[in-house]
file upload_32.txt (compact mmCIF, C-alpha atoms)
# COMPACT_ATOMS: atom_id res chain seq x y z
CA MET A 1 16.39 0.38 19.54
CA GLY A 2 19.63 -0.97 18.10
CA GLN A 3 18.52 -4.58 18.47
CA LEU A 4 15.14 -3.84 16.91
CA LYS A 5 16.78 -2.22 13.91
CA GLN A 6 19.16 -5.18 13.48
CA GLU A 7 16.32 -7.67 13.66
CA ILE A 8 14.28 -5.76 11.10
CA GLU A 9 17.23 -5.41 8.73
CA LYS A 10 17.85 -9.14 9.00
CA GLN A 11 14.18 -9.85 8.36
CA LEU A 12 14.30 -7.80 5.16
CA THR A 13 17.56 -9.13 3.75
CA ASP A 14 17.44 -12.74 4.96
CA LYS A 15 13.73 -13.59 4.91
CA ILE A 16 11.40 -11.30 2.99
CA LEU A 17 13.29 -10.27 -0.12
CA PRO A 18 14.97 -13.67 -0.73
CA PHE A 19 11.51 -15.28 -0.78
CA TRP A 20 10.30 -12.95 -3.51
CA MET A 21 13.58 -13.05 -5.43
CA LYS A 22 13.03 -16.80 -5.91
CA LEU A 23 9.86 -15.96 -7.83
CA LYS A 24 11.64 -14.10 -10.62
CA ASP A 25 10.28 -15.39 -13.93
CA GLU A 26 13.23 -15.42 -16.30
CA GLU A 27 11.21 -16.81 -19.20
CA ASN A 28 8.10 -14.62 -19.25
CA GLY A 29 9.14 -11.60 -17.22
CA GLY A 30 7.93 -10.30 -13.91
CA PHE A 31 7.49 -12.65 -10.98
CA TYR A 32 5.52 -15.86 -10.59
CA GLY A 33 2.03 -14.98 -9.53
CA GLU A 34 1.14 -17.59 -6.95
CA VAL A 35 2.67 -19.61 -4.11
CA ASP A 36 0.23 -21.71 -2.09
CA TYR A 37 0.23 -22.23 1.66
CA ASP A 38 2.42 -25.32 1.25
CA LEU A 39 5.00 -23.15 -0.58
CA THR A 40 4.40 -24.74 -3.99
CA ILE A 41 5.08 -22.23 -6.78
CA ASN A 42 2.45 -22.06 -9.50
CA LYS A 43 4.44 -20.87 -12.50
CA GLU A 44 1.23 -20.39 -14.47
CA GLY A 45 -0.53 -18.25 -11.90
CA PRO A 46 -1.89 -14.85 -13.01
CA LYS A 47 0.17 -11.71 -12.61
CA GLY A 48 -1.72 -8.65 -11.43
CA GLY A 49 -1.14 -5.09 -12.53
CA ILE A 50 -1.11 -4.03 -8.89
CA ALA A 51 1.35 -6.81 -8.06
CA ALA A 52 3.64 -5.75 -10.92
CA ALA A 53 3.78 -2.24 -9.49
CA ARG A 54 4.35 -3.48 -5.96
CA PHE A 55 7.28 -5.65 -7.02
CA LEU A 56 8.79 -2.68 -8.81
CA TRP A 57 8.35 -0.43 -5.79
CA SER A 58 9.77 -3.00 -3.37
CA PHE A 59 13.02 -3.73 -5.18
CA SER A 60 13.54 -0.09 -6.19
CA ALA A 61 13.10 1.07 -2.60
CA ALA A 62 15.25 -1.78 -1.28
CA TYR A 63 18.09 -0.72 -3.57
CA ARG A 64 17.69 2.98 -2.75
CA VAL A 65 17.77 2.41 1.00
CA THR A 66 20.33 -0.40 1.30
CA MET A 67 22.39 0.20 -1.88
CA LYS A 68 22.81 -3.57 -2.15
CA GLU A 69 23.70 -4.37 -5.77
CA GLU A 70 21.70 -7.61 -5.75
CA TYR A 71 18.43 -5.67 -5.73
CA LEU A 72 19.33 -3.57 -8.76
CA SER A 73 18.75 -6.29 -11.33
CA TYR A 74 15.42 -7.27 -9.73
CA ALA A 75 14.20 -3.68 -9.86
CA HIS A 76 15.09 -3.39 -13.54
CA HIS A 77 13.49 -6.78 -14.24
CA ALA A 78 10.28 -5.57 -12.56
CA TYR A 79 10.43 -2.30 -14.52
CA ARG A 80 10.67 -4.08 -17.86
CA PHE A 81 7.62 -6.20 -17.12
CA LEU A 82 5.52 -3.29 -15.92
CA SER A 83 6.47 -0.94 -18.75
CA GLN A 84 6.37 -3.54 -21.56
CA LYS A 85 3.53 -5.85 -20.48
CA ALA A 86 1.34 -4.35 -17.76
CA ILE A 87 0.65 -0.99 -19.45
CA ASP A 88 -1.92 -0.89 -22.25
CA PRO A 89 -0.10 0.36 -25.39
CA VAL A 90 -3.34 1.51 -27.03
CA HIS A 91 -5.60 3.01 -24.36
CA LYS A 92 -2.89 3.59 -21.72
CA GLY A 93 -2.98 2.71 -18.06
CA LEU A 94 -2.22 -0.51 -16.20
CA TYR A 95 -4.35 -3.58 -16.77
CA TRP A 96 -6.02 -5.30 -13.84
CA MET A 97 -4.71 -8.81 -14.59
CA LEU A 98 -2.32 -10.64 -16.93
CA ASP A 99 -1.67 -14.31 -17.49
CA HIS A 100 1.65 -15.93 -16.62
CA LYS A 101 3.07 -14.96 -20.02
CA GLY A 102 2.16 -11.32 -19.61
CA ASN A 103 -0.92 -11.28 -21.84
CA PRO A 104 -3.89 -9.25 -20.55
CA ILE A 105 -6.76 -11.41 -19.31
CA ASP A 106 -8.72 -8.71 -17.46
CA THR A 107 -8.35 -5.39 -19.23
CA ARG A 108 -10.37 -3.26 -16.83
CA LYS A 109 -8.64 -0.17 -15.51
CA HIS A 110 -8.87 0.87 -11.88
CA ILE A 111 -7.66 4.15 -10.41
CA TYR A 112 -6.19 2.15 -7.51
CA THR A 113 -3.99 0.24 -9.97
CA GLN A 114 -2.86 3.42 -11.74
CA ALA A 115 -1.93 4.93 -8.39
CA PHE A 116 0.35 2.00 -7.63
CA GLY A 117 1.94 2.44 -11.04
CA ILE A 118 2.80 6.03 -10.15
CA TYR A 119 4.07 5.01 -6.74
CA ALA A 120 6.35 2.36 -8.22
CA LEU A 121 7.62 4.32 -11.21
CA SER A 122 8.45 7.37 -9.09
CA GLU A 123 10.33 5.11 -6.66
CA PHE A 124 12.25 3.57 -9.57
CA TYR A 125 13.12 7.10 -10.64
CA ARG A 126 14.23 7.98 -7.09
CA ALA A 127 16.58 5.01 -7.11
CA PHE A 128 17.93 5.15 -10.65
CA LYS A 129 17.02 8.55 -12.19
CA HIS A 130 15.57 6.73 -15.21
CA PRO A 131 13.85 9.49 -17.30
CA GLU A 132 11.44 7.11 -19.06
CA ALA A 133 10.10 5.94 -15.67
CA LEU A 134 9.27 9.51 -14.67
CA LYS A 135 7.63 10.07 -18.04
CA LEU A 136 5.42 7.00 -17.53
CA ALA A 137 4.56 8.11 -13.99
CA ARG A 138 3.49 11.51 -15.27
CA GLU A 139 1.38 9.90 -18.01
CA LEU A 140 -0.45 7.82 -15.38
CA TYR A 141 -0.93 10.96 -13.29
CA GLU A 142 -2.52 12.73 -16.28
CA LEU A 143 -4.76 9.70 -16.85
CA ILE A 144 -6.00 9.78 -13.27
CA GLU A 145 -6.67 13.50 -13.42
CA THR A 146 -8.37 13.50 -16.83
CA LYS A 147 -10.29 10.21 -16.59
CA GLY A 148 -10.49 9.46 -12.90
CA TYR A 149 -11.33 12.69 -11.11
CA ASP A 150 -14.92 13.84 -10.74
CA GLU A 151 -15.10 17.64 -10.50
CA HIS A 152 -18.73 17.45 -9.38
CA THR A 153 -18.19 15.16 -6.38
CA LYS A 154 -14.57 16.25 -5.79
CA ALA A 155 -13.69 12.55 -5.57
CA TYR A 156 -11.52 10.08 -7.43
CA LYS A 157 -13.52 7.54 -9.35
CA GLU A 158 -12.92 3.81 -9.15
CA GLU A 159 -13.37 1.38 -12.05
CA PHE A 160 -13.36 1.62 -15.86
CA ASN A 161 -13.23 -0.73 -18.83
CA ARG A 162 -10.21 -0.90 -21.11
CA GLU A 163 -11.37 2.13 -23.12
CA TRP A 164 -11.83 4.20 -19.94
CA ILE A 165 -15.60 4.08 -19.85
CA GLU A 166 -16.69 4.14 -16.20
CA ARG A 167 -18.29 1.01 -14.81
CA SER A 168 -19.50 -0.35 -11.47
CA ASN A 169 -16.77 -0.64 -8.84
CA GLU A 170 -16.61 -4.41 -8.38
CA MET A 171 -12.94 -4.72 -7.51
CA LEU A 172 -12.71 -2.43 -4.48
CA SER A 173 -16.16 -2.94 -2.97
CA GLU A 174 -16.77 -5.39 -0.12
CA HIS A 175 -19.39 -6.79 2.23
CA GLY A 176 -22.07 -7.13 -0.43
CA LEU A 177 -22.20 -3.47 -1.44
CA VAL A 178 -20.93 -1.50 -4.42
CA SER A 179 -19.17 1.69 -3.45
CA ASP A 180 -18.93 4.73 -5.72
CA ILE A 181 -16.15 6.28 -3.63
CA THR A 182 -13.64 4.44 -1.44
CA THR A 183 -11.17 5.58 1.17
CA ASN A 184 -8.76 2.91 -0.06
CA THR A 185 -8.44 4.41 -3.55
CA HIS A 186 -8.04 7.92 -2.15
CA LEU A 187 -5.38 6.72 0.27
CA HIS A 188 -3.28 5.17 -2.46
CA VAL A 189 -3.66 8.13 -4.79
CA LEU A 190 -2.36 10.21 -1.87
CA GLU A 191 0.53 7.79 -1.40
CA ALA A 192 1.36 7.88 -5.12
CA TYR A 193 1.16 11.66 -5.47
CA THR A 194 3.38 12.11 -2.40
CA ASN A 195 6.11 9.98 -3.97
CA LEU A 196 5.70 11.63 -7.36
CA TYR A 197 5.95 15.08 -5.78
CA ARG A 198 9.33 14.11 -4.34
CA VAL A 199 10.74 13.81 -7.86
CA TRP A 200 8.43 16.13 -9.80
CA PRO A 201 7.35 19.06 -7.60
CA SER A 202 4.95 20.72 -10.05
CA GLN A 203 2.52 23.36 -8.85
CA GLN A 204 -0.48 21.45 -10.21
CA LEU A 205 0.56 18.27 -8.42
CA LYS A 206 1.08 20.25 -5.22
CA GLU A 207 -2.48 21.55 -5.45
CA LYS A 208 -3.88 18.07 -6.14
CA LEU A 209 -1.99 16.53 -3.22
CA THR A 210 -3.03 19.34 -0.89
CA ASN A 211 -6.66 18.83 -1.93
CA LEU A 212 -6.34 15.13 -1.12
CA VAL A 213 -5.09 15.87 2.39
CA TYR A 214 -8.10 18.11 2.98
CA THR A 215 -10.45 15.55 1.44
CA PHE A 216 -9.41 13.19 4.22
CA TYR A 217 -9.96 15.91 6.80
CA GLN A 218 -13.32 17.11 5.46
CA LYS A 219 -14.93 13.99 3.97
CA ILE A 220 -13.28 10.78 5.13
CA TYR A 221 -12.25 11.40 8.73
CA ASP A 222 -15.03 11.22 11.32
CA HIS A 223 -14.18 13.97 13.81
CA GLU A 224 -16.42 12.46 16.48
CA THR A 225 -15.27 8.83 16.44
CA LYS A 226 -11.75 9.56 15.12
CA PHE A 227 -12.10 6.68 12.66
CA GLN A 228 -12.13 7.01 8.91
CA LYS A 229 -15.24 6.14 7.00
CA VAL A 230 -14.62 3.48 4.36
CA PHE A 231 -17.29 3.29 1.65
CA PHE A 232 -19.39 6.11 0.19
CA ASP A 233 -22.06 6.82 -2.40
CA LYS A 234 -21.68 9.63 -4.95
CA LYS A 235 -22.82 12.17 -2.36
CA TRP A 236 -20.09 11.15 0.09
CA GLN A 237 -22.69 9.48 2.31
CA GLU A 238 -21.27 6.59 4.34
CA LEU A 239 -22.67 3.25 3.13
CA MET A 240 -22.08 1.09 6.19
CA ASP A 241 -20.72 1.10 9.73
CA LEU A 242 -17.26 -0.24 9.05
CA LYS A 243 -13.97 0.62 10.70
CA SER A 244 -10.75 -0.58 9.06
CA TYR A 245 -8.02 -0.49 11.69
CA GLY A 246 -5.24 -1.21 9.21
CA HIS A 247 -6.25 1.48 6.74
CA ASP A 248 -6.62 4.01 9.54
CA ILE A 249 -3.15 3.55 10.99
CA GLU A 250 -1.67 3.36 7.49
CA ALA A 251 -3.40 6.63 6.63
CA SER A 252 -2.01 8.34 9.72
CA TRP A 253 1.59 7.99 8.54
CA LEU A 254 0.89 8.36 4.81
CA LEU A 255 -0.94 11.63 5.51
CA ASP A 256 2.06 12.71 7.57
CA GLU A 257 4.37 11.95 4.63
CA ALA A 258 2.20 14.13 2.39
CA VAL A 259 2.27 16.93 4.97
CA LYS A 260 6.07 16.72 5.11
CA VAL A 261 6.71 16.85 1.36
CA LEU A 262 4.20 19.70 1.01
CA ASP A 263 5.62 21.50 4.05
CA LEU A 264 2.01 21.99 5.08
CA LYS A 265 1.55 23.79 8.37
CA ASP A 266 -1.94 23.15 9.69
CA GLU A 267 -2.58 22.26 13.32
CA ASN A 268 -5.92 20.68 12.42
CA ILE A 269 -4.28 18.22 10.02
CA SER A 270 -1.51 17.45 12.53
CA LYS A 271 -4.09 16.78 15.22
CA MET A 272 -6.03 14.44 12.92
CA ILE A 273 -2.88 12.43 12.16
CA ILE A 274 -2.08 11.93 15.84
CA ASP A 275 -5.68 11.38 16.91
CA ILE A 276 -5.99 8.54 14.39
CA ALA A 277 -2.91 6.83 15.84
CA TYR A 278 -4.11 7.20 19.43
CA ASN A 279 -7.55 5.94 18.40
CA ILE A 280 -6.20 2.75 16.82
CA ALA A 281 -3.92 2.26 19.82
CA GLU A 282 -7.01 2.38 22.01
CA HIS A 283 -9.50 0.39 19.92
CA GLY A 284 -7.50 -1.82 17.55
CA VAL A 285 -4.71 -3.29 19.68
CA LEU A 286 -5.47 -6.69 21.21
CA GLU A 287 -4.14 -8.14 24.46
CA ASP A 288 -1.32 -10.02 22.73
CA GLY A 289 -0.01 -6.83 21.11
CA SER A 290 -1.39 -7.52 17.64
CA VAL A 291 -3.87 -5.32 15.77
CA ALA A 292 -7.31 -6.60 14.80
CA ASN A 293 -8.51 -6.42 11.23
CA GLU A 294 -11.69 -4.36 11.33
CA GLU A 295 -14.96 -3.66 13.09
CA LYS A 296 -18.21 -4.15 11.20
CA GLU A 297 -21.45 -2.92 12.77
CA GLY A 298 -19.96 -3.19 16.24
CA LYS A 299 -18.42 -6.65 15.82
CA VAL A 300 -14.63 -6.86 15.82
CA ASP A 301 -12.86 -9.20 13.40
CA CYS A 302 -9.80 -10.38 15.33
CA THR A 303 -8.01 -11.91 12.35
CA ARG A 304 -4.41 -10.69 12.42
CA VAL A 305 -3.74 -9.80 8.77
CA TRP A 306 -0.12 -9.49 7.67
CA TRP A 307 -0.37 -6.01 6.14
CA VAL A 308 -2.28 -4.60 9.10
CA GLN A 309 0.54 -5.58 11.47
CA ALA A 310 3.19 -4.17 9.11
CA GLU A 311 1.44 -0.83 8.61
CA SER A 312 0.62 -0.55 12.31
CA MET A 313 4.28 -0.77 13.28
CA VAL A 314 5.16 2.07 10.90
CA GLY A 315 2.16 4.11 11.99
CA PHE A 316 2.88 3.73 15.69
CA TYR A 317 6.56 4.56 15.21
CA ASN A 318 5.62 7.62 13.19
CA ALA A 319 3.31 8.70 16.02
CA TYR A 320 6.21 8.26 18.45
CA GLU A 321 8.40 10.48 16.27
CA ARG A 322 5.66 13.13 16.20
CA THR A 323 4.72 13.05 19.89
CA GLY A 324 7.65 11.57 21.82
CA ASP A 325 5.09 9.42 23.65
CA LYS A 326 6.87 6.16 24.51
CA LYS A 327 3.52 4.40 24.58
CA PHE A 328 3.89 4.10 20.83
CA LEU A 329 7.38 2.58 21.14
CA ASN A 330 5.96 -0.06 23.46
CA LEU A 331 3.22 -0.79 20.92
CA VAL A 332 5.86 -1.30 18.22
CA ASP A 333 7.90 -3.60 20.46
CA ASN A 334 4.88 -5.70 21.40
CA LEU A 335 3.64 -5.90 17.84
CA TRP A 336 7.06 -6.92 16.53
CA LYS A 337 7.23 -9.62 19.20
CA TYR A 338 3.81 -10.90 18.13
CA THR A 339 4.80 -10.80 14.46
CA LYS A 340 8.01 -12.78 15.06
CA GLU A 341 6.23 -15.42 17.11
CA ASN A 342 3.06 -15.84 15.06
CA LEU A 343 3.01 -14.22 11.64
CA ILE A 344 6.48 -14.88 10.24
CA ASP A 345 6.63 -18.35 8.72
CA SER A 346 9.22 -20.43 10.59
CA ARG A 347 9.74 -22.66 7.56
CA ASP A 348 13.08 -21.94 5.90
CA GLU A 349 11.50 -21.30 2.51
CA GLY A 350 8.58 -19.26 3.83
CA GLU A 351 7.85 -15.57 4.29
CA TRP A 352 4.88 -14.12 6.26
CA PHE A 353 1.54 -15.86 6.46
CA TRP A 354 -1.44 -14.05 5.00
CA SER A 355 -2.95 -13.87 8.46
CA VAL A 356 -3.40 -15.58 11.80
CA GLU A 357 -6.88 -16.67 12.81
CA PRO A 358 -8.41 -15.68 16.16
CA ASP A 359 -7.56 -19.19 17.42
CA GLY A 360 -3.85 -18.49 16.80
CA LYS A 361 -3.44 -20.71 13.74
CA PRO A 362 -2.15 -19.39 10.40
CA THR A 363 -4.78 -18.87 7.73
CA LYS A 364 -4.28 -21.43 4.99
CA ARG A 365 -4.29 -18.96 2.14
CA PRO A 366 -1.63 -18.52 -0.58
CA VAL A 367 1.45 -16.69 0.69
CA ALA A 368 1.93 -15.07 -2.72
CA GLU A 369 -0.89 -14.05 -5.07
CA PRO A 370 -2.04 -10.88 -6.86
CA TRP A 371 -2.87 -9.13 -3.56
CA LYS A 372 0.07 -10.44 -1.53
CA THR A 373 3.48 -9.19 -2.60
CA PRO A 374 6.59 -7.84 -0.83
CA TYR A 375 5.16 -4.31 -0.64
CA HIS A 376 3.69 -4.03 2.88
CA ASN A 377 6.26 -5.89 4.94
CA SER A 378 9.30 -4.79 2.94
CA ARG A 379 8.07 -1.22 3.29
CA PHE A 380 7.70 -1.70 7.04
CA CYS A 381 11.32 -2.83 7.18
CA LEU A 382 12.62 -0.05 4.95
CA GLU A 383 10.66 2.66 6.75
CA MET A 384 11.91 1.48 10.14
CA ILE A 385 15.51 1.20 8.93
CA GLU A 386 15.43 4.73 7.58
CA ARG A 387 13.68 6.18 10.61
CA MET A 388 15.92 4.46 13.15
CA SER A 389 19.01 5.58 11.23
CA ARG A 390 18.25 9.29 11.61
call {"tool": "encode", "arguments": {"input": "upload_32.txt", "output": "structure tokens"}}
result
Amino acid sequence: MGQLKQEIEKQLTDKILPFWMKLKDEENGGFYGEVDYDLTINKEGPKGGIAAARFLWSFSAAYRVTMKEEYLSYAHHAYRFLSQKAIDPVHKGLYWMLDHKGNPIDTRKHIYTQAFGIYALSEFYRAFKHPEALKLARELYELIETKGYDEHTKAYKEEFNREWIERSNEMLSEHGLVSDITTNTHLHVLEAYTNLYRVWPSQQLKEKLTNLVYTFYQKIYDHETKFQKVFFDKKWQELMDLKSYGHDIEASWLLDEAVKVLDLKDENISKMIIDIAYNIAEHGVLEDGSVANEEKEGKVDCTRVWWVQAESMVGFYNAYERTGDKKFLNLVDNLWKYTKENLIDSRDEGEWFWSVEPDGKPTKRPVAEPWKTPYHNSRFCLEMIERMSR
């Protein structure tokens, strides 16, 4: 395990974070929004509200875990952009998209985006004890609960316009359908509330986070197949036969984090967490050790997406910690080997490819854009460093 930890630490400090540090926009704030497959930086690319939060989380967490001074200034730089540009000063909440100068160009509000704001701001507070960051995180929490929670359906809503009038969920729907309720949004509200509870353990937040855990158990998790359902209508009816391997294994360890901070003792929840991990180990892992993307109506998409591999390594290691089953350690080792050989860009200036196609060739998509930031693979590194240091 010592060699694995060393390799992961080196990946974080020598490959991943230096790539993103080069994108620091000294003139307009934040980080440049786009780097194409050929590693050309587009200094006028858009800057997403989600991306702004993910940059803030990544450098805050990197400083908290490693205590390397070089990350401190990047975390504060990310905080200034998010707090001064990405948050709507009039109607509150994070915008969906800004231009390269930090002006809003898509003012819609999405609960998913607000959740990432909470996740990032609470991490910044964990690292630096900045009171204004916690205040902003709590304001976003109140927004989600007052604007984004539906008491009738017991679900978190999805998309709104700038003035917080609900609208059709275009941004987090896929495969030609429009979903009223998504597992993805609920997962990242769970993630955000877990981190916020670490620094602000209020009774109301505890109840909300506990309810989220049981929402996964009662509504999202399929107890027969052991997969999570993905898209729902307003009655929590599943809209299509879709299995997202990456979101499932990510949920297994994020649910476990929520259980830990809540000190929740429930054998049914614990069993669900482990059953999800075993299920993805059985159905999602390919012969080369990688994890497939998803299964739609019985057909498996074998694209190896960067974030799916990153989250799978954390999820499998978490399952090992819970069970002691060395099968999960072997899965981590094999997946790390695959990642090193196929997904990590061997070019000196590169980072991780967006994905690898079923034929083994990298997907020629931008390596930095509003959906691809340091969050998933830096978190994989930081989680593994912390876990292997215990």
call {"tool": "residues_around", "arguments": {"input": "upload_32.txt", "residues": "range 60-66 of chain A", "least_positions_apart": "6", "cutoff": "10 Å", "atoms": "only C-alpha atoms", "output": "MDAnalysis selection string"}}
result
chainID A and resid 9 12:13 17 54 72:76 78:79 120:128 375 378:379 381:383 385:386
call {"tool": "closest_residue", "arguments": {"input": "upload_32.txt", "among": "A:Ser270, A:Asn169, A:Gln11, A:Gln203", "to": "Thr323 in chain A", "atoms": "all atoms listed in the file"}}
result
A:Ser270
call {"tool": "closest_residue", "arguments": {"input": "upload_32.txt", "among": "A:Ser290, A:Met67, A:Phe231, A:Leu4", "to": "Gly176 in chain A", "atoms": "all atoms listed in the file"}}
result
A:Phe231
call {"tool": "atom_distance", "arguments": {"input": "upload_32.txt", "atom1": "CA of Ile276 in chain A", "atom2": "CA of Thr182 in chain A"}}
result
18.1 Å
call {"tool": "residues_around", "arguments": {"input": "upload_32.txt", "residues": "Leu177 in chain A", "least_positions_apart": "2", "cutoff": "12 Å", "atoms": "all atoms listed in the file", "output": "list in words"}}
result
Ser168, Asn169, Glu170, Met171, Leu172, Ser173, Glu174, His175, Ser179, Asp180, Ile181, Thr182, Val230, Phe231, Phe232, Asp233, Glu238, Leu239 and Met240 of chain A
call {"tool": "closest_residue", "arguments": {"input": "upload_32.txt", "among": "A:Asn334, A:Thr146, A:Asn42, A:Gln114", "to": "Glu287 in chain A", "atoms": "all atoms listed in the file"}}
result
A:Asn334
call {"tool": "residues_near_point", "arguments": {"input": "upload_32.txt", "point": "(-3.4, -16.7, 1.1)", "cutoff": "10 Å", "atoms": "only C-alpha atoms", "output": "count of residues only"}}
result
18
call {"tool": "closest_atom_pairs", "arguments": {"input": "upload_32.txt", "of": "range 159-266 of chain A", "to": "range 86-91 of chain A", "cutoff": "12 Å", "atoms": "all atoms listed in the file", "output": "CSV"}}
result
residue,atom,partner,partner_atom,distance
A:Phe160,CA,A:His91,CA,11.6
A:Asn161,CA,A:His91,CA,10.1
A:Arg162,CA,A:His91,CA,6.9
A:Glu163,CA,A:His91,CA,6.0
A:Trp164,CA,A:His91,CA,7.7
A:Ile165,CA,A:His91,CA,11.0
call {"tool": "closest_residue", "arguments": {"input": "upload_32.txt", "among": "A:Arg80, A:Lys226, A:His152, A:Lys92", "to": "Ala133 in chain A", "atoms": "all atoms listed in the file"}}
result
A:Arg80
call {"tool": "closest_atom_pairs", "arguments": {"input": "upload_32.txt", "of": "range 222-284 of chain A", "to": "range 184-192 of chain A", "cutoff": "12 Å", "atoms": "all atoms listed in the file", "output": "CSV"}}
result
residue,atom,partner,partner_atom,distance
A:Gln228,CA,A:Asn184,CA,10.4
A:Lys229,CA,A:Asn184,CA,10.1
A:Val230,CA,A:Asn184,CA,7.4
A:Phe231,CA,A:Asn184,CA,8.7
A:Phe232,CA,A:Asn184,CA,11.1
A:Ser244,CA,A:Asn184,CA,10.0
A:Gly246,CA,A:Asn184,CA,10.7
A:His247,CA,A:Asn184,CA,7.4
A:Asp248,CA,A:Leu187,CA,9.7
A:Ile249,CA,A:Leu187,CA,11.4
A:Glu250,CA,A:Leu187,CA,8.8
A:Ala251,CA,A:Leu187,CA,6.7
A:Ser252,CA,A:Leu187,CA,10.2
A:Trp253,CA,A:Glu191,CA,10.0
A:Leu254,CA,A:Glu191,CA,6.2
A:Leu255,CA,A:Leu190,CA,7.6
A:Asp256,CA,A:Glu191,CA,10.3
A:Glu257,CA,A:Glu191,CA,8.3
A:Ala258,CA,A:Leu190,CA,7.4
A:Val259,CA,A:Leu190,CA,10.6
A:Val261,CA,A:Glu191,CA,11.3
A:Leu262,CA,A:Leu190,CA,11.9
call {"tool": "atom_distance", "arguments": {"input": "upload_32.txt", "atom1": "CA of Lys147 in chain A", "atom2": "CA of Pro46 in chain A"}}
result
26.7 Å
call {"tool": "atom_distance", "arguments": {"input": "upload_32.txt", "atom1": "CA of Tyr245 in chain A", "atom2": "CA of Arg304 in chain A"}}
result
10.8 Å
call {"tool": "closest_residue", "arguments": {"input": "upload_32.txt", "among": "A:Glu351, A:Glu70, A:Asp222, A:Asp345", "to": "Pro374 in chain A", "atoms": "only C-alpha atoms"}}
result
A:Glu351
call {"tool": "decode", "arguments": {"input": "upload_32.txt", "residues": "range 326-371 of chain A", "atoms": "C-alpha atoms", "output": "PDB file, in the first residue's frame"}}
result
ATOM      1  CA  LYS A 326      -9.352  -7.829  -0.193  1.00  0.00           C
ATOM      2  CA  LYS A 327     -11.294  -8.253  -3.416  1.00  0.00           C
ATOM      3  CA  PHE A 328     -11.866  -4.516  -3.249  1.00  0.00           C
ATOM      4  CA  LEU A 329      -8.142  -3.813  -2.802  1.00  0.00           C
ATOM      5  CA  ASN A 330      -7.439  -5.826  -5.935  1.00  0.00           C
ATOM      6  CA  LEU A 331     -10.070  -3.821  -7.794  1.00  0.00           C
ATOM      7  CA  VAL A 332      -8.363  -0.581  -6.728  1.00  0.00           C
ATOM      8  CA  ASP A 333      -4.948  -1.875  -7.798  1.00  0.00           C
ATOM      9  CA  ASN A 334      -6.218  -3.004 -11.196  1.00  0.00           C
ATOM     10  CA  LEU A 335      -8.127   0.203 -11.784  1.00  0.00           C
ATOM     11  CA  TRP A 336      -5.145   2.348 -10.840  1.00  0.00           C
ATOM     12  CA  LYS A 337      -2.985   0.339 -13.236  1.00  0.00           C
ATOM     13  CA  TYR A 338      -5.528   0.906 -16.012  1.00  0.00           C
ATOM     14  CA  THR A 339      -5.749   4.614 -15.200  1.00  0.00           C
ATOM     15  CA  LYS A 340      -1.964   5.070 -15.297  1.00  0.00           C
ATOM     16  CA  GLU A 341      -1.627   3.244 -18.592  1.00  0.00           C
ATOM     17  CA  ASN A 342      -4.634   4.636 -20.448  1.00  0.00           C
ATOM     18  CA  LEU A 343      -6.385   7.603 -18.875  1.00  0.00           C
ATOM     19  CA  ILE A 344      -3.559   9.785 -17.592  1.00  0.00           C
ATOM     20  CA  ASP A 345      -2.197  11.934 -20.402  1.00  0.00           C
ATOM     21  CA  SER A 346       1.475  11.063 -20.973  1.00  0.00           C
ATOM     22  CA  ARG A 347       2.143  14.501 -22.441  1.00  0.00           C
ATOM     23  CA  ASP A 348       4.133  16.651 -20.021  1.00  0.00           C
ATOM     24  CA  GLU A 349       1.580  19.457 -20.073  1.00  0.00           C
ATOM     25  CA  GLY A 350      -1.466  17.197 -19.891  1.00  0.00           C
ATOM     26  CA  GLU A 351      -3.712  15.904 -17.122  1.00  0.00           C
ATOM     27  CA  TRP A 352      -6.342  13.128 -17.504  1.00  0.00           C
ATOM     28  CA  PHE A 353      -8.249  12.582 -20.719  1.00  0.00           C
ATOM     29  CA  TRP A 354     -12.006  13.029 -20.590  1.00  0.00           C
ATOM     30  CA  SER A 355     -12.403   9.358 -21.412  1.00  0.00           C
ATOM     31  CA  VAL A 356     -11.045   6.382 -23.316  1.00  0.00           C
ATOM     32  CA  GLU A 357     -13.168   4.908 -26.084  1.00  0.00           C
ATOM     33  CA  PRO A 358     -13.998   1.183 -26.211  1.00  0.00           C
ATOM     34  CA  ASP A 359     -11.271   0.819 -28.867  1.00  0.00           C
ATOM     35  CA  GLY A 360      -8.678   2.047 -26.351  1.00  0.00           C
ATOM     36  CA  LYS A 361      -8.113   5.487 -27.861  1.00  0.00           C
ATOM     37  CA  PRO A 362      -8.570   8.711 -25.865  1.00  0.00           C
ATOM     38  CA  THR A 363     -11.750  10.631 -26.598  1.00  0.00           C
ATOM     39  CA  LYS A 364     -10.867  13.855 -28.376  1.00  0.00           C
ATOM     40  CA  ARG A 365     -12.829  16.120 -26.078  1.00  0.00           C
ATOM     41  CA  PRO A 366     -11.557  19.188 -24.182  1.00  0.00           C
ATOM     42  CA  VAL A 367      -9.504  18.266 -21.126  1.00  0.00           C
ATOM     43  CA  ALA A 368     -10.814  21.320 -19.280  1.00  0.00           C
ATOM     44  CA  GLU A 369     -14.299  22.802 -19.699  1.00  0.00           C
ATOM     45  CA  PRO A 370     -17.258  23.687 -17.455  1.00  0.00           C
ATOM     46  CA  TRP A 371     -17.882  20.014 -16.571  1.00  0.00           C
TER      47      TRP A 371
END
